[in-house]
Amino acid sequence: MKTLLVYLALASTLCLKAQFVITATANPVAGDVDASVGTNTAGLTIPVSGTNKLWNYSGLTLMTNAISSATYVPFSAIPNNNLFPGGTIGLSYVGGYTDVYKVNASVRELVGAAEASTANCLVLSDPIIFLTLPFGYGSGYYDTFGFTDNGDVISGGVSLSGSGTGTLMLPGSITLNNVLKVTMSYTQTETTSSYTSTSKGVQHMFYSSVNKFPLLTISTSTSNNTQTPTVFTNIDGSINKNFAVGVGIEEQTSENNFSVFPNPVSAQNVTITFISKSELTNINLLNTLGQVVKENVYNNLSAGENKISFDLKNIPTGIYYLQIKTGEYEGVKKLVIE
């Protein structure tokens with residue numbers, strides 16, 4: 001039985017009017033791109049909790065070769081969606097799998113993971129609540145989860161709290177006020193036929209009104225198992241690229257793999273040259289909010305260098321980003337349309 005705990009002190013409730021609160025208006029919709037770039041962990045400190053704090057991460061070094069992104073897709077586009085009756089939207093990753101979520105005005109909940117093969121789909125018998133809405137400073141809850149994956153039994157719990165408010169400083173001399181820090185702690189136990197593994201971790205996520213997704217995430221985790229009784233400790237950080245495109249990390253690719261000409265462009269099309277190891281390639285045109293403006297899918301491409309004319313007809317002038325996904329390769333380039 002799930003347990004839901006809400007901690008709302010009177011003083012916190014009175015302050016929420018002046019503090020950022022995550023509401024259903026920030027829920028993802030089909031076409032949204034959630035992307036992040038990793039940071040060097042040198043000097044990466046655990047953020048303090050409380051009100052009126054200053055979190056200064058302006059000195060972080062961005063690892064432009066450590067990029068990940070995923071695109072939200074409508075429920076109708078999720079493979080084998082009939083297996084997930086509670087789902088409403090999917091988050092599709094390069095590689096062919098899609099996380100399935102139940103998202104509404106009061107909750108964001110992971111209900112499973114879908115693939116083209118029914119046998120590879122995972123349906124959570126006890127889904128994982130990742131956020132209750134609205135969520136602000138002083139909000140909190142605890143949720144248990146459990147499921148079976150190929151005979152392995154996984155169970156655990158997730159605890160979230162609105163643990164801080166203040167000012168966040170990001171690389172690129174970007175300072176944001178009225179930022180909410182959300183802290184998520186989790187414990188997970190996996191039992192197999194040969195060993196039992198236990199993992200614990202904490203994530204500190206910073207939210208504000210400028211983006212639906214976390215602007216910065218700092219994670220710590222430990223894990224061990226009975227087969228190899230060694231405790232592994234890890235700390236990492238990532239910055240959300242949808243916002244950070246404005247702070248100097250918009251181009252995340254190698255010139256040898258991906259080029260655009262002309263740029264700036266005033267014509268109705270642009271030529272994209274790239275190296276492909278896969279027959280299937282997705283090219284998206286994103287606006288500065290990370291939303292997909294245009295999406296093209298190319299099949300039966302030859303291995304090696306490919307040149308594609310990307311249609312820009314009816315696209316307004318402005319700054320955009322071309323995102324390419326082909327096989328295991330992914331890149332983003334800034335495009336100016338005059």
# chains A, B, ... in the order shown; residues from 1 in each chain; ligands from 1
call {"tool": "select_by_dssp", "arguments": {"residues": "segment 94-307 of chain A", "states": "strand (DSSP E)", "output": "PyMOL selection string"}}
result
chain A and resi 98-103+107-114+122-132+140-149+152-170+174-191+196-208+211-225+232-240+258-261+269-276+281-286+292-298+304-307
call {"tool": "write_last_selection", "arguments": {"atoms": "C-alpha atoms", "output": "short mmCIF file (atom, residue, chain, number, x, y, z; two decimals), in the first residue's frame"}}
result
data_model
loop_
_atom_site.label_atom_id
_atom_site.label_comp_id
_atom_site.auth_asym_id
_atom_site.auth_seq_id
_atom_site.Cartn_x
_atom_site.Cartn_y
_atom_site.Cartn_z
CA THR A 98 10.34 4.56 -24.15
CA ASP A 99 9.54 5.28 -20.51
CA VAL A 100 5.78 5.40 -20.00
CA TYR A 101 4.33 7.98 -17.59
CA LYS A 102 0.99 8.85 -16.09
CA VAL A 103 0.89 12.64 -16.00
CA VAL A 107 0.87 13.47 -10.22
CA ARG A 108 3.80 12.40 -12.41
CA GLU A 109 4.19 8.64 -12.18
CA LEU A 110 6.36 6.10 -14.02
CA VAL A 111 4.22 3.09 -14.99
CA GLY A 112 6.69 1.15 -17.15
CA ALA A 113 9.06 0.97 -20.10
CA ALA A 114 8.07 0.05 -23.66
CA LEU A 122 8.32 -3.72 -18.46
CA VAL A 123 5.07 -2.99 -16.64
CA LEU A 124 5.48 -1.82 -13.05
CA SER A 125 3.07 -3.64 -10.75
CA ASP A 126 3.58 -0.86 -8.21
CA PRO A 127 4.43 2.33 -10.18
CA ILE A 128 6.86 5.00 -9.00
CA ILE A 129 5.54 8.46 -8.17
CA PHE A 130 8.19 11.02 -9.08
CA LEU A 131 6.24 14.17 -8.23
CA THR A 132 2.96 15.24 -6.71
CA GLY A 140 7.06 16.18 0.60
CA TYR A 141 5.96 12.58 0.24
CA TYR A 142 7.14 8.99 0.48
CA ASP A 143 6.22 6.29 -2.04
CA THR A 144 7.03 2.59 -2.27
CA PHE A 145 7.51 0.73 -5.54
CA GLY A 146 8.05 -2.81 -6.77
CA PHE A 147 8.13 -4.93 -9.92
CA THR A 148 9.59 -8.08 -11.46
CA ASP A 149 12.01 -7.95 -14.39
CA ASP A 152 14.47 -10.53 -10.72
CA VAL A 153 12.48 -8.88 -7.92
CA ILE A 154 13.00 -5.13 -7.47
CA SER A 155 11.51 -3.13 -4.60
CA GLY A 156 12.20 0.08 -2.76
CA GLY A 157 11.04 3.50 -1.76
CA VAL A 158 11.33 7.11 -2.92
CA SER A 159 11.19 10.18 -0.70
CA LEU A 160 10.88 13.74 -2.08
CA SER A 161 10.99 17.07 -0.31
CA GLY A 162 10.94 20.72 -1.31
CA SER A 163 14.15 21.37 0.61
CA GLY A 164 15.35 24.80 -0.43
CA THR A 165 14.74 28.14 -2.10
CA GLY A 166 17.20 30.73 -3.28
CA THR A 167 19.49 31.85 -6.10
CA LEU A 168 21.21 29.51 -8.55
CA MET A 169 24.36 30.46 -10.47
CA LEU A 170 25.07 28.39 -13.60
CA ILE A 174 23.64 33.04 -15.65
CA THR A 175 22.05 33.84 -12.29
CA LEU A 176 18.48 32.80 -11.53
CA ASN A 177 16.42 33.93 -8.57
CA ASN A 178 13.36 32.27 -7.05
CA VAL A 179 14.71 28.75 -7.58
CA LEU A 180 13.27 25.69 -5.84
CA LYS A 181 15.52 22.81 -4.73
CA VAL A 182 13.84 19.41 -4.70
CA THR A 183 15.67 16.56 -2.94
CA MET A 184 14.88 12.95 -3.84
CA SER A 185 16.21 10.03 -1.78
CA TYR A 186 15.72 6.43 -2.85
CA THR A 187 16.52 2.90 -1.75
CA GLN A 188 16.29 -0.06 -4.12
CA THR A 189 16.84 -3.76 -3.53
CA GLU A 190 17.22 -6.24 -6.39
CA THR A 191 17.01 -9.95 -5.61
CA THR A 196 21.03 -9.47 -3.67
CA SER A 197 22.03 -5.91 -4.54
CA THR A 198 21.11 -2.78 -2.61
CA SER A 199 21.40 0.75 -3.98
CA LYS A 200 20.85 4.05 -2.25
CA GLY A 201 21.03 7.53 -3.66
CA VAL A 202 20.13 11.19 -3.37
CA GLN A 203 19.34 13.66 -6.15
CA HIS A 204 19.20 17.43 -5.70
CA MET A 205 17.20 19.04 -8.53
CA PHE A 206 16.81 22.77 -9.13
CA TYR A 207 13.62 24.10 -10.74
CA SER A 208 12.42 27.53 -11.78
CA ASN A 211 12.05 25.64 -17.86
CA LYS A 212 9.88 22.59 -17.28
CA PHE A 213 12.87 20.40 -16.50
CA PRO A 214 15.55 20.66 -13.80
CA LEU A 215 18.15 23.33 -14.53
CA LEU A 216 20.77 21.42 -12.57
CA THR A 217 20.82 17.95 -11.04
CA ILE A 218 23.44 16.70 -8.58
CA SER A 219 23.38 13.00 -7.71
CA THR A 220 25.16 10.79 -5.20
CA SER A 221 24.73 7.04 -4.93
CA THR A 222 26.13 3.95 -3.21
CA SER A 223 25.60 0.30 -4.09
CA ASN A 224 26.78 -3.15 -3.04
CA ASN A 225 25.74 -6.76 -3.53
CA PHE A 232 30.61 1.66 -4.69
CA THR A 233 30.13 5.39 -4.23
CA ASN A 234 29.39 7.76 -7.11
CA ILE A 235 28.76 11.50 -7.46
CA ASP A 236 27.78 13.23 -10.67
CA GLY A 237 26.07 16.32 -11.97
CA SER A 238 24.26 17.41 -15.11
CA ILE A 239 22.85 20.66 -16.44
CA ASN A 240 19.65 20.76 -18.43
CA PHE A 258 27.88 16.80 -38.32
CA SER A 259 27.97 20.06 -40.32
CA VAL A 260 25.36 22.57 -41.53
CA PHE A 261 25.66 24.85 -44.57
CA ASN A 269 16.48 24.76 -47.02
CA VAL A 270 19.83 23.94 -45.45
CA THR A 271 22.29 21.13 -46.24
CA ILE A 272 23.20 18.81 -43.38
CA THR A 273 26.25 16.56 -43.77
CA PHE A 274 26.87 13.77 -41.29
CA ILE A 275 28.49 10.38 -40.81
CA SER A 276 25.96 7.61 -40.29
CA THR A 281 18.24 8.92 -38.68
CA ASN A 282 16.09 11.50 -36.87
CA ILE A 283 16.72 15.21 -37.44
CA ASN A 284 14.78 17.68 -35.30
CA LEU A 285 14.61 21.46 -35.46
CA LEU A 286 14.27 22.86 -31.93
CA VAL A 292 10.42 20.44 -31.55
CA VAL A 293 9.41 22.77 -34.40
CA LYS A 294 9.99 20.26 -37.20
CA GLU A 295 10.91 16.58 -37.22
CA ASN A 296 12.16 14.48 -40.13
CA VAL A 297 12.86 10.73 -40.12
CA TYR A 298 15.14 9.25 -42.79
CA GLY A 304 29.30 6.65 -44.19
CA GLU A 305 28.81 10.26 -45.22
CA ASN A 306 25.30 11.46 -46.05
CA LYS A 307 24.05 14.85 -47.26
#
call {"tool": "select_by_dssp", "arguments": {"residues": "segment 66-309 of chain A", "states": "alpha helix (DSSP H)", "output": "list in words"}}
result
Lys241, Asn242, Phe243 and Ala244 of chain A
call {"tool": "closest_residue", "arguments": {"among": "A:Thr192, A:Ser173, A:Glu338, A:Asn104", "to": "Gly86 of chain A", "atoms": "only C-alpha atoms"}}
result
A:Asn104
call {"tool": "closest_residue", "arguments": {"among": "A:Leu322, A:Leu280, A:Leu301, A:Ile308", "to": "Asn263 of chain A", "atoms": "only C-alpha atoms"}}
result
A:Leu322
call {"tool": "residues_around", "arguments": {"residues": "Ile78 of chain A", "least_positions_apart": "3", "cutoff": "10 Å", "atoms": "only C-alpha atoms", "output": "number ranges by chain"}}
result
A: 73-75, 81-82, 84, 87-92, 97-100, 113-116
call {"tool": "atom_distance", "arguments": {"atom1": "atom CA of Phe135 of chain A", "atom2": "atom CA of Pro171 of chain A"}}
result
26.5 Å
call {"tool": "closest_residue", "arguments": {"among": "A:Gly38, A:Gly318, A:Gly43, A:Gly59", "to": "Gly172 of chain A", "atoms": "only C-alpha atoms"}}
result
A:Gly59
call {"tool": "closest_residue", "arguments": {"among": "A:Ser194, A:Gly331, A:Val48, A:Leu62", "to": "Val94 of chain A", "atoms": "only C-alpha atoms"}}
result
A:Gly331
call {"tool": "closest_residue", "arguments": {"among": "A:Thr23, A:Asn80, A:Thr226, A:Thr118", "to": "Ala105 of chain A", "atoms": "only C-alpha atoms"}}
result
A:Thr23
call {"tool": "closest_residue", "arguments": {"among": "A:Ser266, A:Ser106, A:Thr326, A:Asn150", "to": "Ala26 of chain A", "atoms": "only C-alpha atoms"}}
result
A:Ser106
